[in-house]
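Engineer: Pasting coords.cif below, which is mmCIF, C-alpha atoms.
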data_my_file
loop_
_atom_site.label_atom_id
_atom_site.label_comp_id
_atom_site.auth_asym_id
_atom_site.auth_seq_id
_atom_site.Cartn_x
_atom_site.Cartn_y
_atom_site.Cartn_z
CA GLN A 1 125.79 87.93 87.21
CA VAL A 2 123.00 88.22 89.74
CA LYS A 3 119.71 86.45 89.23
CA LEU A 4 116.48 86.95 91.15
CA VAL A 5 113.80 84.28 90.97
CA GLU A 6 110.35 85.17 92.24
CA SER A 7 107.51 82.83 93.04
CA GLY A 8 104.19 82.73 94.84
CA GLY A 9 101.92 84.95 92.78
CA GLY A 10 98.51 83.89 91.60
CA LEU A 11 94.78 84.50 91.59
CA VAL A 12 93.04 84.89 94.93
CA GLN A 13 89.69 86.17 96.15
CA ALA A 14 89.43 89.36 98.15
CA GLY A 15 90.29 88.68 101.77
CA GLY A 16 92.66 85.89 100.85
CA SER A 17 96.39 85.52 101.33
CA LEU A 18 99.51 84.87 99.29
CA ARG A 19 103.18 84.54 100.09
CA LEU A 20 105.76 85.78 97.62
CA SER A 21 109.38 84.64 97.64
CA CYS A 22 112.42 86.01 95.88
CA ALA A 23 115.72 84.14 95.90
CA ALA A 24 118.89 85.86 94.80
CA SER A 25 121.85 83.96 93.37
CA GLY A 26 125.10 84.72 91.62
CA SER A 27 127.94 87.06 92.42
CA ILE A 28 126.44 88.62 95.52
CA PHE A 29 128.89 89.81 98.12
CA SER A 30 126.73 91.94 100.31
CA ILE A 31 123.03 92.68 100.09
CA ASN A 32 121.86 95.84 101.75
CA ALA A 33 118.16 96.45 101.33
CA MET A 34 115.67 94.05 99.81
CA GLY A 35 112.25 95.11 98.71
CA TRP A 36 109.04 94.50 96.84
CA TYR A 37 107.48 96.87 94.35
CA ARG A 38 104.31 96.53 92.35
CA GLN A 39 102.93 97.93 89.16
CA ALA A 40 99.23 98.00 88.38
CA PRO A 41 98.01 98.39 84.80
CA GLY A 42 98.38 101.97 83.65
CA LYS A 43 100.21 103.02 86.83
CA GLN A 44 103.80 103.60 87.82
CA ARG A 45 105.78 101.08 89.76
CA GLU A 46 105.53 101.78 93.49
CA LEU A 47 107.29 100.60 96.61
CA VAL A 48 105.27 98.10 98.63
CA ALA A 49 107.73 97.12 101.36
CA ARG A 50 111.42 97.25 102.07
CA ILE A 51 113.72 95.64 104.61
CA THR A 52 117.31 96.57 105.43
CA SER A 53 120.19 94.27 106.26
CA VAL A 54 119.52 94.78 109.97
CA GLY A 55 115.81 94.12 109.67
CA SER A 56 114.36 97.61 109.64
CA THR A 57 111.21 97.74 107.57
CA ASN A 58 109.02 100.28 105.89
CA TYR A 59 105.71 99.84 104.10
CA ALA A 60 103.45 101.73 101.77
CA ASP A 61 100.56 103.19 103.74
CA SER A 62 98.10 101.18 101.66
CA VAL A 63 99.52 97.84 102.86
CA LYS A 64 100.43 98.58 106.47
CA GLY A 65 98.92 96.03 108.81
CA ARG A 66 98.17 93.61 105.97
CA PHE A 67 101.54 92.80 104.39
CA THR A 68 104.71 91.62 106.12
CA ILE A 69 108.18 91.58 104.63
CA SER A 70 110.93 89.33 105.95
CA ARG A 71 114.28 88.04 104.80
CA ASP A 72 116.57 85.08 105.27
CA ASN A 73 120.10 86.36 104.90
CA ALA A 74 121.61 82.88 104.81
CA LYS A 75 119.49 82.06 101.76
CA ASN A 76 119.61 85.53 100.17
CA THR A 77 115.83 85.35 100.06
CA VAL A 78 113.15 87.92 100.77
CA TYR A 79 109.51 87.13 101.43
CA LEU A 80 106.29 89.10 101.33
CA GLN A 81 103.25 87.80 103.17
CA LEU A 82 100.10 89.33 101.73
CA ASN A 83 97.00 89.07 103.93
CA SER A 84 93.52 90.56 103.66
CA LEU A 85 94.06 91.13 99.97
CA LYS A 86 91.98 93.69 98.12
CA PRO A 87 91.27 94.06 94.40
CA GLU A 88 93.43 97.20 94.39
CA ASP A 89 96.41 95.04 95.34
CA THR A 90 96.31 93.54 91.86
CA GLY A 91 99.46 94.03 89.84
CA VAL A 92 102.86 92.65 88.94
CA TYR A 93 105.06 92.39 92.00
CA TYR A 94 108.79 92.87 91.50
CA CYS A 95 111.58 91.95 93.85
CA ASN A 96 114.51 94.33 94.18
CA ILE A 97 117.83 93.99 95.95
CA ALA A 98 120.41 96.67 96.56
CA THR A 99 124.08 95.82 96.93
CA ILE A 100 126.99 98.18 97.21
CA GLY A 101 126.83 100.14 94.00
CA ASN A 102 124.20 98.06 92.22
CA GLY A 103 120.52 97.27 92.18
CA TYR A 104 118.80 94.25 90.67
CA TRP A 105 115.23 93.43 89.68
CA GLY A 106 113.33 90.20 89.39
CA GLN A 107 111.17 89.34 86.41
CA GLY A 108 107.94 89.99 88.30
CA THR A 109 105.12 87.79 89.50
CA GLN A 110 101.44 88.50 88.85
CA VAL A 111 99.06 88.92 91.75
CA THR A 112 95.38 89.13 90.87
CA VAL A 113 92.73 89.72 93.49
CA SER A 114 89.13 89.16 92.46
CA SER A 115 86.23 90.90 94.17
#
If you took the structure in this file and wrote it as structure tokens, what would it be?
Structural biologist:
Amino acid sequence: QVKLVESGGGLVQAGGSLRLSCAASGSIFSINAMGWYRQAPGKQRELVARITSVGSTNYADSVKGRFTISRDNAKNTVYLQLNSLKPEDTGVYYCNIATIGNGYWGQGTQVTVSS
């Protein structure tokens, strides 16, 4: 079994920062991409940022220049640094990892940005 544990969400004022972490454990042999998605109330889940095993990244246009994704392969952990937060960044943030043939989701962590 693979387990993803997320942490770092919370309530922050607009312009503030947060750092999300997601640690993967269990029967993981090879992680390819790791990513963060978010889901705002009444909206579909959307990709926020993604990082491959060799460090290539891609971001949603709405977060480019404000969010930074990184990973520590030795710890099977992915991070998301959220800077210059806006109220529209509010939502549940989910970690996702892709291995060969499988994908796994975390339980989600709430990020709330007040105006």
Engineer: Excluding Arg38 of chain A and residues on its chain fewer than 2 positions from it, collect all residues at most 12 Å away from it, counting only C-alpha atoms, and give them as number ranges by chain.
Structural biologist: A: 9, 35-36, 40-49, 60, 63, 80, 88-96, 105-112
Engineer: Using atom CA of Ile69 of chain A and atom CA of Ser25 of chain A as the two end points, give the distance in Å to one decimal.
Structural biologist: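 Rounded to one decimal, the two atoms are 19.3 Å apart.
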Engineer: Give me, please, the distance in Å between atom CA of Leu4 of chain A and atom CA of Ser114 of chain A, quoted to one decimal.
Structural biologist: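 Computing the Euclidean distance for atom CA of Leu4 of chain A and atom CA of Ser114 of chain A yields 27.5 Å.
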Engineer: With the PyMOL selection byres ((chain A and resi 6) around 6) as the selection, what would be picked from this file? Answer as number ranges by chain, please.
Structural biologist: A: 5, 7, 21-22
Engineer: Find the residues near Lys64 of chain A: any atom within 12 Å, counting all atoms listed in the file, skip ones fewer than 4 places away on the same chain, and give them as a list in words.
Structural biologist: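 Contacts, in chain order: Val48, Ala49, Arg50, Thr57, Asn58, Tyr59, Ala60, Thr68, Ile69, Gln81, Leu82, Asn83, Ser84 and Leu85 of chain A.
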Engineer: Please indicate the distance in Å from atom CA of Asn32 of chain A to atom CA of Ala98 of chain A, rounded to one decimal place.
Structural biologist: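 Computed distance, atom CA of Asn32 of chain A to atom CA of Ala98 of chain A, equals 5.5 Å.
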Engineer: Could you tell me which of A:Leu11, A:Gly16, A:Ala24, A:Gly101 comes closest to Tyr79 of chain A if we count only C-alpha atoms?
Structural biologist: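 Looking at the shortest contact to Tyr79 of chain A, the residue is A:Ala24.
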Engineer: Show me the residues close to (117.3, 91.9, 112.3) - anything with an atom within 10 Å, counting all atoms listed in the file - and format the list as a list in words.
Structural biologist: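 Nearby residues: Ile51, Thr52, Ser53, Val54, Gly55, Ser56, Thr57, Ser70, Arg71, Asp72 and Asn73 of chain A.
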Engineer: Which residue out of A:Ser62, A:Val12, A:Ala23, A:Ala74 has the minimum interatomic distance to Val113 of chain A when all atoms listed in the file are used?
Structural biologist: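 Of A:Ser62, A:Val12, A:Ala23, A:Ala74, the one nearest Val113 of chain A is A:Val12, counting all atoms listed in the file.
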Engineer: Translate the PyMOL selection byres ((chain A and resi 27) around 10), as applied to the file shown, into an explicit residue set as a list in words.
Structural biologist: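 Residues picked by the PyMOL selection byres ((chain A and resi 27) around 10): Gln1, Val2, Lys3, Ala24, Ser25, Gly26, Ile28, Phe29 and Ser30 of chain A.
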Engineer: Only C-alpha atoms, please: the residues just picked out, written as a CSV table (one decimal), in the coordinates of the input.
Structural biologist:
chain,number,residue,atom,x,y,z
A,1,GLN,CA,125.8,87.9,87.2
A,2,VAL,CA,123.0,88.2,89.7
A,3,LYS,CA,119.7,86.4,89.2
A,24,ALA,CA,118.9,85.9,94.8
A,25,SER,CA,121.8,84.0,93.4
A,26,GLY,CA,125.1,84.7,91.6
A,28,ILE,CA,126.4,88.6,95.5
A,29,PHE,CA,128.9,89.8,98.1
A,30,SER,CA,126.7,91.9,100.3
Engineer: Give the answer as one residue: which of A:Asp61, A:Gly10, A:Met34, A:Ser17 has the shortest atom-to-atom distance to Gly103 of chain A, using only C-alpha atoms?
Structural biologist: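 Looking only at the distances to Gly103 of chain A, the closest residue turns out to be A:Met34.
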Engineer: Need the shell around Ser115 of chain A: protein/DNA/RNA residues with any atom at most 7 Å away, counting all atoms listed in the file. Skip same-chain ones fewer than 5 positions apart. Format as a count of residues only?
Structural biologist: 3
